[in-house]
>>> print(open('model_27.pdb').read())   # PDB, C-alpha atoms
ATOM      1  CA  MET L  22     -12.264  11.556  17.025
ATOM      2  CA  VAL L  23     -13.801  11.473  13.547
ATOM      3  CA  PRO L  24     -14.029  14.619  11.361
ATOM      4  CA  PRO L  25     -17.646  15.657  10.612
ATOM      5  CA  LEU L  26     -17.442  14.476   7.008
ATOM      6  CA  PRO L  27     -19.912  12.117   5.283
ATOM      7  CA  TYR L  28     -18.696   8.479   5.229
ATOM      8  CA  PHE L  29     -15.304   9.434   6.711
ATOM      9  CA  ASN L  30     -13.243   6.412   7.702
ATOM     10  CA  TYR L  31      -9.625   6.591   8.887
ATOM     11  CA  GLY L  32      -8.805   3.234   7.245
ATOM     12  CA  PRO L  33      -9.380   4.044   3.551
ATOM     13  CA  PHE L  34      -8.402   7.672   4.177
ATOM     14  CA  GLY L  35      -4.979   6.632   5.480
ATOM     15  CA  VAL L  36      -4.491   4.097   2.696
ATOM     16  CA  SER L  37      -5.340   6.718   0.066
ATOM     17  CA  VAL L  38      -2.648   9.060   1.407
ATOM     18  CA  PHE L  39      -0.162   6.174   1.454
ATOM     19  CA  PHE L  40      -0.933   5.387  -2.210
ATOM     20  CA  LEU L  41      -0.527   9.024  -3.242
ATOM     21  CA  ILE L  42       2.822   9.251  -1.473
ATOM     22  CA  SER L  43       3.963   6.110  -3.304
ATOM     23  CA  GLY L  44       2.929   7.619  -6.625
ATOM     24  CA  PHE L  45       4.567  10.949  -5.822
ATOM     25  CA  VAL L  46       7.997   9.522  -4.883
ATOM     26  CA  ILE L  47       8.273   6.867  -7.601
ATOM     27  CA  SER L  48      10.047   9.298  -9.940
ATOM     28  CA  TYR L  49      12.836   9.637  -7.388
ATOM     29  CA  SER L  50      13.191   5.849  -7.224
ATOM     30  CA  LEU L  51      13.692   5.777 -10.998
ATOM     31  CA  ARG L  52      16.447   8.391 -11.043
ATOM     32  CA  LYS L  53      19.899   7.106 -12.050
ATOM     33  CA  LYS L  54      18.572   3.563 -12.369
ATOM     34  CA  SER L  55      18.036   1.324 -15.362
ATOM     35  CA  ARG L  56      14.705  -0.427 -15.733
ATOM     36  CA  SER L  57      16.120  -3.692 -14.352
ATOM     37  CA  GLY L  58      18.035  -1.823 -11.643
ATOM     38  CA  TYR L  59      14.841  -0.106 -10.563
ATOM     39  CA  LEU L  60      12.984  -3.424 -10.250
ATOM     40  CA  LYS L  61      15.860  -5.036  -8.338
ATOM     41  CA  SER L  62      16.097  -2.115  -5.923
ATOM     42  CA  ARG L  63      12.329  -2.137  -5.324
ATOM     43  CA  ALA L  64      12.362  -5.894  -4.686
ATOM     44  CA  LEU L  65      15.268  -5.498  -2.274
ATOM     45  CA  ARG L  66      13.434  -2.686  -0.525
ATOM     46  CA  ILE L  67      10.223  -4.670  -0.068
ATOM     47  CA  TYR L  68      10.840  -8.395   0.240
ATOM     48  CA  PRO L  69      13.645  -8.967   2.817
ATOM     49  CA  THR L  70      11.843  -6.958   5.489
ATOM     50  CA  TYR L  71       8.417  -8.360   4.677
ATOM     51  CA  ILE L  72       9.608 -11.973   4.630
ATOM     52  CA  ALA L  73      11.402 -11.530   7.977
ATOM     53  CA  CYS L  74       8.321  -9.884   9.479
ATOM     54  CA  SER L  75       6.131 -12.693   8.105
ATOM     55  CA  VAL L  76       8.299 -15.333   9.783
ATOM     56  CA  ILE L  77       7.991 -13.523  13.129
ATOM     57  CA  MET L  78       4.270 -13.084  12.546
ATOM     58  CA  MET L  79       3.836 -16.808  11.834
ATOM     59  CA  ALA L  80       5.754 -17.717  14.999
ATOM     60  CA  VAL L  81       3.375 -15.534  17.046
ATOM     61  CA  TYR L  82       0.401 -16.933  15.133
ATOM     62  CA  ALA L  83       1.442 -20.553  15.843
ATOM     63  CA  SER L  84       2.182 -19.748  19.499
ATOM     64  CA  SER L  85      -1.221 -18.134  19.892
ATOM     65  CA  HIS L  86      -2.986 -21.182  18.455
ATOM     66  CA  ALA L  87      -0.972 -23.462  20.761
ATOM     67  CA  TYR L  88      -1.914 -21.319  23.755
ATOM     68  CA  TRP L  89      -5.619 -21.384  22.919
ATOM     69  CA  GLY L  90      -5.559 -25.064  21.988
ATOM     70  CA  SER L  91      -6.711 -24.500  18.414
ATOM     71  CA  GLU L  92      -5.248 -25.702  15.139
ATOM     72  CA  ALA L  93      -3.309 -23.351  12.885
ATOM     73  CA  GLN L  94      -4.797 -23.522   9.380
ATOM     74  CA  ILE L  95      -2.241 -21.923   7.106
ATOM     75  CA  GLY L  96      -0.738 -24.210   4.477
ATOM     76  CA  LEU L  97       2.660 -23.850   2.846
ATOM     77  CA  SER L  98       1.225 -22.710  -0.513
ATOM     78  CA  ARG L  99      -0.808 -19.955   1.147
ATOM     79  CA  PHE L 100       2.225 -18.819   3.141
ATOM     80  CA  ILE L 101       4.486 -18.719   0.063
ATOM     81  CA  LEU L 102       1.934 -16.816  -1.988
ATOM     82  CA  ASN L 103       1.413 -14.469   0.939
ATOM     83  CA  ILE L 104       5.088 -13.510   1.279
ATOM     84  CA  SER L 105       5.390 -13.239  -2.514
ATOM     85  CA  LEU L 106       2.458 -10.771  -2.367
ATOM     86  CA  LEU L 107       0.720 -12.635  -5.188
ATOM     87  CA  GLY L 108      -1.833 -14.545  -3.135
ATOM     88  CA  SER L 109      -4.776 -12.298  -3.958
ATOM     89  CA  LEU L 110      -4.401 -13.026  -7.682
ATOM     90  CA  PHE L 111      -4.978 -16.722  -6.994
ATOM     91  CA  ASN L 112      -7.872 -16.326  -4.557
ATOM     92  CA  TYR L 113      -5.832 -16.861  -1.400
ATOM     93  CA  GLU L 114      -6.735 -14.772   1.637
ATOM     94  CA  SER L 115      -4.066 -12.584   3.169
ATOM     95  CA  ILE L 116      -2.592 -13.980   6.373
ATOM     96  CA  ASP L 117      -2.247 -10.621   8.097
ATOM     97  CA  TYR L 118      -5.220  -8.923   6.345
ATOM     98  CA  VAL L 119      -3.240  -5.721   5.736
ATOM     99  CA  ASN L 120      -0.717  -6.725   3.073
ATOM    100  CA  TRP L 121      -3.277  -6.157   0.305
ATOM    101  CA  THR L 122      -1.914  -2.600   0.066
ATOM    102  CA  LEU L 123       1.629  -3.920  -0.303
ATOM    103  CA  SER L 124       0.428  -6.325  -2.974
ATOM    104  CA  ILE L 125      -0.947  -3.334  -4.893
ATOM    105  CA  GLU L 126       2.346  -1.521  -4.356
ATOM    106  CA  ILE L 127       4.168  -4.379  -6.109
ATOM    107  CA  LYS L 128       1.758  -4.187  -9.070
ATOM    108  CA  PHE L 129       2.375  -0.449  -9.219
ATOM    109  CA  TYR L 130       6.136  -1.015  -9.375
ATOM    110  CA  LEU L 131       5.680  -3.482 -12.234
ATOM    111  CA  CYS L 132       3.445  -1.049 -14.118
ATOM    112  CA  CYS L 133       6.019   1.704 -13.621
ATOM    113  CA  ALA L 134       8.674  -0.573 -15.112
ATOM    114  CA  ILE L 135       6.464  -0.976 -18.185
ATOM    115  CA  ILE L 136       6.132   2.801 -18.651
ATOM    116  CA  TYR L 137       9.656   3.436 -17.340
ATOM    117  CA  SER L 138      10.661   5.865 -20.113
ATOM    118  CA  ALA L 139       7.352   7.717 -19.958
ATOM    119  CA  LEU L 140       7.785   8.329 -16.227
ATOM    120  CA  LYS L 141      11.366   9.531 -16.599
ATOM    121  CA  ASN L 142      10.423  11.877 -19.435
ATOM    122  CA  ALA L 143       6.995  12.901 -18.081
ATOM    123  CA  ALA L 144       5.349  11.642 -21.287
ATOM    124  CA  LEU L 145       1.844  12.483 -20.113
ATOM    125  CA  ILE L 146      -0.171  10.672 -22.794
ATOM    126  CA  LYS L 147       1.613   7.371 -22.178
ATOM    127  CA  VAL L 148       1.253   7.707 -18.417
ATOM    128  CA  ILE L 149      -2.488   8.424 -18.408
ATOM    129  CA  ALA L 150      -3.031   5.724 -21.058
ATOM    130  CA  MET L 151      -2.418   3.148 -18.330
ATOM    131  CA  PRO L 152      -5.518   3.987 -16.194
ATOM    132  CA  PHE L 153      -7.529   4.103 -19.435
ATOM    133  CA  LEU L 154      -6.261   0.609 -20.344
ATOM    134  CA  PHE L 155      -7.118  -0.652 -16.857
ATOM    135  CA  MET L 156     -10.650   0.719 -17.245
ATOM    136  CA  ALA L 157     -10.965  -1.137 -20.561
ATOM    137  CA  VAL L 158      -9.809  -4.395 -18.914
ATOM    138  CA  THR L 159     -12.426  -3.909 -16.188
ATOM    139  CA  VAL L 160     -15.207  -3.280 -18.717
ATOM    140  CA  ILE L 161     -14.330  -6.263 -20.915
ATOM    141  CA  THR L 162     -13.788  -8.806 -18.134
ATOM    142  CA  SER L 163     -16.930  -7.642 -16.320
ATOM    143  CA  HIS L 164     -19.059  -7.864 -19.468
ATOM    144  CA  PHE L 165     -17.883 -11.366 -20.378
ATOM    145  CA  GLN L 166     -17.616 -12.484 -16.728
ATOM    146  CA  ILE L 167     -14.041 -13.664 -17.212
ATOM    147  CA  GLY L 168     -12.249 -15.145 -14.219
ATOM    148  CA  SER L 169     -12.555 -17.688 -11.441
ATOM    149  CA  SER L 170     -13.156 -17.498  -7.689
ATOM    150  CA  GLU L 171     -11.710 -20.956  -7.100
ATOM    151  CA  GLN L 172      -8.618 -21.049  -4.898
ATOM    152  CA  GLY L 173      -5.460 -21.598  -6.918
ATOM    153  CA  HIS L 174      -6.991 -20.183 -10.104
ATOM    154  CA  PHE L 175      -6.238 -16.737 -11.475
ATOM    155  CA  SER L 176      -8.657 -14.068 -10.228
ATOM    156  CA  PHE L 177      -9.546 -11.277 -12.624
ATOM    157  CA  ASP L 178     -11.720  -9.751  -9.897
ATOM    158  CA  ALA L 179      -8.693  -9.337  -7.615
ATOM    159  CA  LEU L 180      -6.676  -7.917 -10.507
ATOM    160  CA  LYS L 181      -9.399  -5.406 -11.396
ATOM    161  CA  ILE L 182      -9.597  -4.247  -7.779
ATOM    162  CA  GLU L 183      -5.840  -3.784  -7.561
ATOM    163  CA  LEU L 184      -5.662  -1.920 -10.867
ATOM    164  CA  ILE L 185      -8.147   0.658  -9.564
ATOM    165  CA  TYR L 186      -5.717   1.540  -6.791
ATOM    166  CA  VAL L 187      -2.746   1.485  -9.154
ATOM    167  CA  SER L 188      -4.617   4.070 -11.235
ATOM    168  CA  TYR L 189      -5.173   6.120  -8.094
ATOM    169  CA  MET L 190      -1.420   6.080  -7.464
ATOM    170  CA  ILE L 191      -0.953   7.625 -10.901
ATOM    171  CA  LEU L 192      -2.606  10.732  -9.437
ATOM    172  CA  GLY L 193       0.402  10.976  -7.116
ATOM    173  CA  VAL L 194       2.686  10.686 -10.134
ATOM    174  CA  LEU L 195       0.876  13.616 -11.783
ATOM    175  CA  ILE L 196       1.307  15.750  -8.665
ATOM    176  CA  ASN L 197       5.032  14.992  -8.817
ATOM    177  CA  PHE L 198       5.192  16.036 -12.484
ATOM    178  CA  PHE L 199       3.498  19.300 -11.541
ATOM    179  CA  TYR L 200       5.778  19.794  -8.511
ATOM    180  CA  GLU L 201       8.885  19.219 -10.618
ATOM    181  CA  LYS L 202       7.486  21.647 -13.253
ATOM    182  CA  LYS L 203       7.520  18.933 -15.901
ATOM    183  CA  ILE L 204       3.943  19.758 -16.914
ATOM    184  CA  THR L 205       1.883  22.952 -16.934
ATOM    185  CA  SER L 206      -0.992  23.571 -14.530
ATOM    186  CA  GLY L 207      -3.451  23.138 -17.412
ATOM    187  CA  LYS L 208      -2.053  19.730 -18.358
ATOM    188  CA  PHE L 209      -1.974  18.740 -14.692
ATOM    189  CA  ILE L 210      -5.648  19.582 -14.184
ATOM    190  CA  ALA L 211      -6.742  17.930 -17.454
ATOM    191  CA  SER L 212      -4.764  14.722 -16.851
ATOM    192  CA  THR L 213      -5.976  14.534 -13.243
ATOM    193  CA  ILE L 214      -9.597  14.768 -14.393
ATOM    194  CA  ILE L 215      -9.074  12.069 -17.052
ATOM    195  CA  VAL L 216      -7.408   9.660 -14.619
ATOM    196  CA  SER L 217     -10.059  10.366 -11.964
ATOM    197  CA  LEU L 218     -12.841   9.556 -14.436
ATOM    198  CA  CYS L 219     -11.098   6.295 -15.362
ATOM    199  CA  ILE L 220     -10.846   5.394 -11.668
ATOM    200  CA  ALA L 221     -14.498   6.263 -11.052
ATOM    201  CA  ALA L 222     -15.700   4.227 -14.049
ATOM    202  CA  SER L 223     -13.554   1.221 -13.120
ATOM    203  CA  TRP L 224     -14.743   1.346  -9.523
ATOM    204  CA  ARG L 225     -18.393   1.806 -10.433
ATOM    205  CA  ILE L 226     -18.544  -1.295 -12.666
ATOM    206  CA  GLY L 227     -15.883  -3.373 -10.914
ATOM    207  CA  PRO L 228     -16.055  -5.951  -8.098
ATOM    208  CA  GLN L 229     -16.110  -3.232  -5.417
ATOM    209  CA  ALA L 230     -19.016  -1.280  -6.906
ATOM    210  CA  ASN L 231     -20.847  -1.551  -3.568
ATOM    211  CA  GLN L 232     -18.028   0.492  -1.978
ATOM    212  CA  PHE L 233     -18.068   3.194  -4.655
ATOM    213  CA  ILE L 234     -19.553   5.858  -2.367
ATOM    214  CA  GLY L 235     -18.715   4.764   1.180
ATOM    215  CA  THR L 236     -15.061   3.965   0.518
ATOM    216  CA  GLY L 237     -14.510   6.033  -2.613
ATOM    217  CA  VAL L 238     -15.309   9.346  -0.940
ATOM    218  CA  ASN L 239     -12.435   8.745   1.491
ATOM    219  CA  TYR L 240     -10.055   8.616  -1.468
ATOM    220  CA  ILE L 241     -11.324  12.057  -2.437
ATOM    221  CA  TYR L 242     -10.684  13.257   1.123
ATOM    222  CA  GLY L 243      -7.230  11.694   0.979
ATOM    223  CA  TYR L 244      -6.414  13.451  -2.282
ATOM    224  CA  ILE L 245      -7.537  16.824  -0.926
ATOM    225  CA  PHE L 246      -5.499  16.317   2.251
ATOM    226  CA  PHE L 247      -2.392  15.287   0.296
ATOM    227  CA  PHE L 248      -2.690  18.133  -2.197
ATOM    228  CA  VAL L 249      -3.129  20.736   0.562
ATOM    229  CA  ALA L 250      -0.044  19.306   2.324
ATOM    230  CA  PHE L 251       1.778  19.488  -1.010
ATOM    231  CA  LEU L 252       0.876  23.172  -1.365
ATOM    232  CA  LEU L 253       1.991  23.885   2.209
ATOM    233  CA  ASN L 254       5.139  21.724   2.101
ATOM    234  CA  LYS L 255       7.498  24.685   2.589
ATOM    235  CA  HIS L 256       5.745  25.533   5.852
ATOM    236  CA  ILE L 257       5.888  22.012   7.311
ATOM    237  CA  LYS L 258       8.913  21.519   9.568
ATOM    238  CA  GLU L 259      10.616  18.203  10.285
ATOM    239  CA  ASN L 260       9.652  16.552  13.552
ATOM    240  CA  ARG L 261      11.959  13.991  15.172
ATOM    241  CA  VAL L 262       9.158  11.805  16.505
ATOM    242  CA  ILE L 263       7.362  11.743  13.147
ATOM    243  CA  SER L 264      10.663  11.102  11.351
ATOM    244  CA  PHE L 265      11.374   8.142  13.650
ATOM    245  CA  LEU L 266       7.901   6.716  13.126
ATOM    246  CA  SER L 267       8.246   7.139   9.360
ATOM    247  CA  GLU L 268      11.535   5.207   9.418
ATOM    248  CA  ILE L 269      10.027   2.189  11.152
ATOM    249  CA  SER L 270       6.574   2.519   9.565
ATOM    250  CA  TYR L 271       7.102  -0.262   7.013
ATOM    251  CA  SER L 272       8.210  -2.801   9.624
ATOM    252  CA  PHE L 273       5.394  -1.647  11.916
ATOM    253  CA  TYR L 274       2.893  -2.049   9.088
ATOM    254  CA  ALA L 275       4.094  -5.593   8.371
ATOM    255  CA  LEU L 276       4.037  -6.664  12.024
ATOM    256  CA  HIS L 277       1.201  -4.873  13.762
ATOM    257  CA  SER L 278      -1.947  -6.770  12.807
ATOM    258  CA  VAL L 279      -1.344 -10.362  13.892
ATOM    259  CA  ILE L 280       1.094  -9.597  16.723
ATOM    260  CA  GLY L 281      -1.007  -6.731  18.037
ATOM    261  CA  TYR L 282      -4.220  -8.752  17.946
ATOM    262  CA  CYS L 283      -2.628 -11.766  19.655
ATOM    263  CA  ILE L 284      -1.188  -9.636  22.472
ATOM    264  CA  ILE L 285      -4.451  -7.773  23.047
ATOM    265  CA  ARG L 286      -6.527 -10.960  23.076
ATOM    266  CA  TRP L 287      -4.108 -12.727  25.450
ATOM    267  CA  MET L 288      -3.952  -9.790  27.892
ATOM    268  CA  GLU L 289      -7.720  -9.298  27.906
ATOM    269  CA  SER L 290      -8.124 -12.998  28.704
ATOM    270  CA  MET L 291      -5.866 -12.356  31.707
ATOM    271  CA  GLY L 292      -8.217  -9.617  32.901
ATOM    272  CA  PHE L 293      -6.350  -6.529  31.712
ATOM    273  CA  HIS L 294      -8.312  -3.510  30.473
ATOM    274  CA  TYR L 295      -8.451  -3.013  26.704
ATOM    275  CA  LEU L 296      -6.610   0.333  26.740
ATOM    276  CA  TYR L 297      -3.784  -1.137  28.825
ATOM    277  CA  SER L 298      -3.626  -4.156  26.506
ATOM    278  CA  LEU L 299      -3.577  -1.844  23.491
ATOM    279  CA  THR L 300      -0.730   0.199  24.975
ATOM    280  CA  VAL L 301       1.363  -2.909  25.644
ATOM    281  CA  ALA L 302       0.627  -4.270  22.166
ATOM    282  CA  PHE L 303       1.540  -0.964  20.502
ATOM    283  CA  THR L 304       4.768  -0.640  22.503
ATOM    284  CA  SER L 305       5.750  -4.254  21.816
ATOM    285  CA  VAL L 306       5.213  -3.913  18.062
ATOM    286  CA  LEU L 307       7.061  -0.579  18.120
ATOM    287  CA  VAL L 308      10.120  -2.172  19.750
ATOM    288  CA  ILE L 309      10.103  -5.184  17.417
ATOM    289  CA  SER L 310       9.687  -2.855  14.434
ATOM    290  CA  TYR L 311      12.706  -0.814  15.485
ATOM    291  CA  ILE L 312      14.815  -3.969  15.861
ATOM    292  CA  MET L 313      13.632  -5.108  12.432
ATOM    293  CA  TYR L 314      14.496  -1.694  10.989
ATOM    294  CA  ILE L 315      18.086  -1.586  12.274
ATOM    295  CA  THR L 316      18.856  -5.257  11.568
ATOM    296  CA  ILE L 317      17.229  -5.819   8.170
ATOM    297  CA  GLU L 318      15.321  -2.920   6.662
ATOM    298  CA  LYS L 319      18.056  -0.302   7.024
ATOM    299  CA  LYS L 320      20.603  -2.629   5.421
ATOM    300  CA  SER L 321      18.311  -3.583   2.553
ATOM    301  CA  ILE L 322      17.639   0.120   1.875
ATOM    302  CA  LYS L 323      21.380   0.767   1.764
ATOM    303  CA  LEU L 324      21.919  -2.110  -0.647
ATOM    304  CA  SER L 325      19.002  -1.066  -2.878
ATOM    305  CA  LYS L 326      20.532   2.411  -3.282
ATOM    306  CA  LYS L 327      23.730   0.888  -4.656
ATOM    307  CA  ILE L 328      21.912  -0.783  -7.558
ATOM    308  CA  ASN L 329      22.037   1.104 -10.835
TER     309      ASN L 329
END
>>> encode(input="model_27.pdb", output="structure tokens")
Amino acid sequence: MVPPLPYFNYGPFGVSVFFLISGFVISYSLRKKSRSGYLKSRALRIYPTYIACSVIMMAVYASSHAYWGSEAQIGLSRFILNISLLGSLFNYESIDYVNWTLSIEIKFYLCCAIIYSALKNAALIKVIAMPFLFMAVTVITSHFQIGSSEQGHFSFDALKIELIYVSYMILGVLINFFYEKKITSGKFIASTIIVSLCIAASWRIGPQANQFIGTGVNYIYGYIFFFVAFLLNKHIKENRVISFLSEISYSFYALHSVIGYCIIRWMESMGFHYLYSLTVAFTSVLVISYIMYITIEKKSIKLSKKIN
């Protein structure tokens, strides 16, 4: 079921909420941690689980190609850049086609390390200067057509796209400042408008200008949804099922695309109905995600919390 809203799409809508959540909680990740400790803890939180999931994903990918009698076409360099989450910056396609959001997450963490003190002290001018700087980079590189689309060469287009979403995550940071009463409502509204204008300008003249309306409006919907949930947070009760799904969501995210697609395609080739194939694929990925959570992700989270 799709809400009766112009251009509504669950994909970008869901991603927008995910980005806002990341921006909102980053202040908590910085608490009681040095700049280097913060980066180490973030790396420990992200990479062990993603690398393990990528190995499983590649095993399924290779098995699927062997089953269908086709040749797997993923080289070592592409695989390494994929698990490092840097592939997009060098014009390499994602292997699972969903980790582009995680790649942006890593860039966001690096940007937060740069403005570490500003985030801890809610130094508003320094925080909103970052989206303004990103807009300037987009304008300059677009005007002079700087960059290359050749594989293995640095891609300014990919960087400009990712910086748009990093700027969007700053909106989540601003909501956190407001929630923690670090800034007044007036400063919150003014800074939100400034950052939003920077995002709009960067998007309108950047590589994804053709998606400015169709995709961009879903980020507006996502912001409204998140902000309403933020206002109603005291009335939202914890749900065990949702809490469980949230715990394994990262592993599920890293595993679902390739494994889910391979299972569905294989079962449909055996004559099973799509909905039945989808149910089996979802359940299988859910079980694998839970195993991944208790064996790797949970332990890496525990270790990351010990880093100061």
>>> atom_distance(input="model_27.pdb", atom1="atom CA of Arg52 of chain L", atom2="atom CA of Leu218 of chain L")
29.5 Å
>>> closest_residue(input="model_27.pdb", among="L:Cys283, L:Met79, L:Ile67, L:Ile149", to="Ser321 of chain L", atoms="all atoms listed in the file")
L:Ile67
>>> closest_atom_pairs(input="model_27.pdb", of="segment 125-211 of chain L", to="segment 87-111 of chain L", cutoff="7 Å", atoms="all atoms listed in the file", output="Markdown table")
| residue | atom | partner | partner_atom | distance |
| --- | --- | --- | --- | --- |
| L:Gln172 | CA | L:Phe111 | CA | 6.0 |
| L:Gly173 | CA | L:Phe111 | CA | 4.9 |
| L:His174 | CA | L:Phe111 | CA | 5.1 |
| L:Phe175 | CA | L:Phe111 | CA | 4.7 |
| L:Ser176 | CA | L:Leu110 | CA | 5.1 |
| L:Ala179 | CA | L:Leu110 | CA | 5.7 |
| L:Leu180 | CA | L:Leu110 | CA | 6.3 |
>>> closest_residue(input="model_27.pdb", among="L:Val308, L:Met78, L:Ile328, L:Ile72", to="Ser278 of chain L", atoms="all atoms listed in the file")
L:Met78
>>> resolve_selection(input="model_27.pdb", expression="the PyMOL selection byres ((chain L and resi 61) around 12)", output="list in words")
Ser50, Leu51, Lys54, Ser55, Arg56, Ser57, Gly58, Tyr59, Leu60, Ser62, Arg63, Ala64, Leu65, Arg66, Ile67, Tyr68, Ile127, Tyr130, Leu131, Ala134, Ser321, Ile322, Leu324, Ser325, Lys326, Lys327, Ile328 and Asn329 of chain L
>>> write_last_selection(input="model_27.pdb", atoms="C-alpha atoms", output="PDB file, keeping the file's coordinate frame")
ATOM      1  CA  SER L  50      13.191   5.849  -7.224  1.00  0.00           C
ATOM      2  CA  LEU L  51      13.692   5.777 -10.998  1.00  0.00           C
ATOM      3  CA  LYS L  54      18.572   3.563 -12.369  1.00  0.00           C
ATOM      4  CA  SER L  55      18.036   1.324 -15.362  1.00  0.00           C
ATOM      5  CA  ARG L  56      14.705  -0.427 -15.733  1.00  0.00           C
ATOM      6  CA  SER L  57      16.120  -3.692 -14.352  1.00  0.00           C
ATOM      7  CA  GLY L  58      18.035  -1.823 -11.643  1.00  0.00           C
ATOM      8  CA  TYR L  59      14.841  -0.106 -10.563  1.00  0.00           C
ATOM      9  CA  LEU L  60      12.984  -3.424 -10.250  1.00  0.00           C
ATOM     10  CA  SER L  62      16.097  -2.115  -5.923  1.00  0.00           C
ATOM     11  CA  ARG L  63      12.329  -2.137  -5.324  1.00  0.00           C
ATOM     12  CA  ALA L  64      12.362  -5.894  -4.686  1.00  0.00           C
ATOM     13  CA  LEU L  65      15.268  -5.498  -2.274  1.00  0.00           C
ATOM     14  CA  ARG L  66      13.434  -2.686  -0.525  1.00  0.00           C
ATOM     15  CA  ILE L  67      10.223  -4.670  -0.068  1.00  0.00           C
ATOM     16  CA  TYR L  68      10.840  -8.395   0.240  1.00  0.00           C
ATOM     17  CA  ILE L 127       4.168  -4.379  -6.109  1.00  0.00           C
ATOM     18  CA  TYR L 130       6.136  -1.015  -9.375  1.00  0.00           C
ATOM     19  CA  LEU L 131       5.680  -3.482 -12.234  1.00  0.00           C
ATOM     20  CA  ALA L 134       8.674  -0.573 -15.112  1.00  0.00           C
ATOM     21  CA  SER L 321      18.311  -3.583   2.553  1.00  0.00           C
ATOM     22  CA  ILE L 322      17.639   0.120   1.875  1.00  0.00           C
ATOM     23  CA  LEU L 324      21.919  -2.110  -0.647  1.00  0.00           C
ATOM     24  CA  SER L 325      19.002  -1.066  -2.878  1.00  0.00           C
ATOM     25  CA  LYS L 326      20.532   2.411  -3.282  1.00  0.00           C
ATOM     26  CA  LYS L 327      23.730   0.888  -4.656  1.00  0.00           C
ATOM     27  CA  ILE L 328      21.912  -0.783  -7.558  1.00  0.00           C
ATOM     28  CA  ASN L 329      22.037   1.104 -10.835  1.00  0.00           C
TER      29      ASN L 329
END
>>> residues_around(input="model_27.pdb", residues="Thr70 of chain L", least_positions_apart="5", cutoff="10 Å", atoms="all atoms listed in the file", output="list of chain:residue names")
L:Leu65, L:Ser75, L:Tyr271, L:Ser272, L:Ala275, L:Met313, L:Tyr314, L:Thr316, L:Ile317, L:Glu318, L:Lys319, L:Lys320, L:Ser321, L:Ile322
>>> resolve_selection(input="model_27.pdb", expression="the PyMOL selection byres ((chain L and resi 40) around 9)", output="PDB file with C-alpha atoms, keeping the file's coordinate frame")
ATOM      1  CA  GLY L  35      -4.979   6.632   5.480  1.00  0.00           C
ATOM      2  CA  VAL L  36      -4.491   4.097   2.696  1.00  0.00           C
ATOM      3  CA  SER L  37      -5.340   6.718   0.066  1.00  0.00           C
ATOM      4  CA  VAL L  38      -2.648   9.060   1.407  1.00  0.00           C
ATOM      5  CA  PHE L  39      -0.162   6.174   1.454  1.00  0.00           C
ATOM      6  CA  LEU L  41      -0.527   9.024  -3.242  1.00  0.00           C
ATOM      7  CA  ILE L  42       2.822   9.251  -1.473  1.00  0.00           C
ATOM      8  CA  SER L  43       3.963   6.110  -3.304  1.00  0.00           C
ATOM      9  CA  GLY L  44       2.929   7.619  -6.625  1.00  0.00           C
ATOM     10  CA  PHE L  45       4.567  10.949  -5.822  1.00  0.00           C
ATOM     11  CA  THR L 122      -1.914  -2.600   0.066  1.00  0.00           C
ATOM     12  CA  GLU L 126       2.346  -1.521  -4.356  1.00  0.00           C
ATOM     13  CA  TYR L 186      -5.717   1.540  -6.791  1.00  0.00           C
ATOM     14  CA  VAL L 187      -2.746   1.485  -9.154  1.00  0.00           C
ATOM     15  CA  TYR L 189      -5.173   6.120  -8.094  1.00  0.00           C
ATOM     16  CA  MET L 190      -1.420   6.080  -7.464  1.00  0.00           C
ATOM     17  CA  ILE L 191      -0.953   7.625 -10.901  1.00  0.00           C
ATOM     18  CA  GLY L 193       0.402  10.976  -7.116  1.00  0.00           C
TER      19      GLY L 193
END
>>> closest_residue(input="model_27.pdb", among="L:Ile280, L:Ile312, L:Leu296, L:Tyr113", to="Ser170 of chain L", atoms="all atoms listed in the file")
L:Tyr113
>>> closest_residue(input="model_27.pdb", among="L:Ser206, L:Ser290, L:Ser48, L:Ser267", to="Ala139 of chain L", atoms="all atoms listed in the file")
L:Ser48
>>> atom_distance(input="model_27.pdb", atom1="atom CA of Ile215 of chain L", atom2="atom CA of Phe199 of chain L")
15.5 Å
>>> resolve_selection(input="model_27.pdb", expression="the PyMOL selection byres ((chain L and resi 196) around 12)", output="VMD selection string")
chain L and resid 41 to 48 143 145 189 to 195 197 to 206 208 to 210 212 to 213 244 to 245 247 to 252
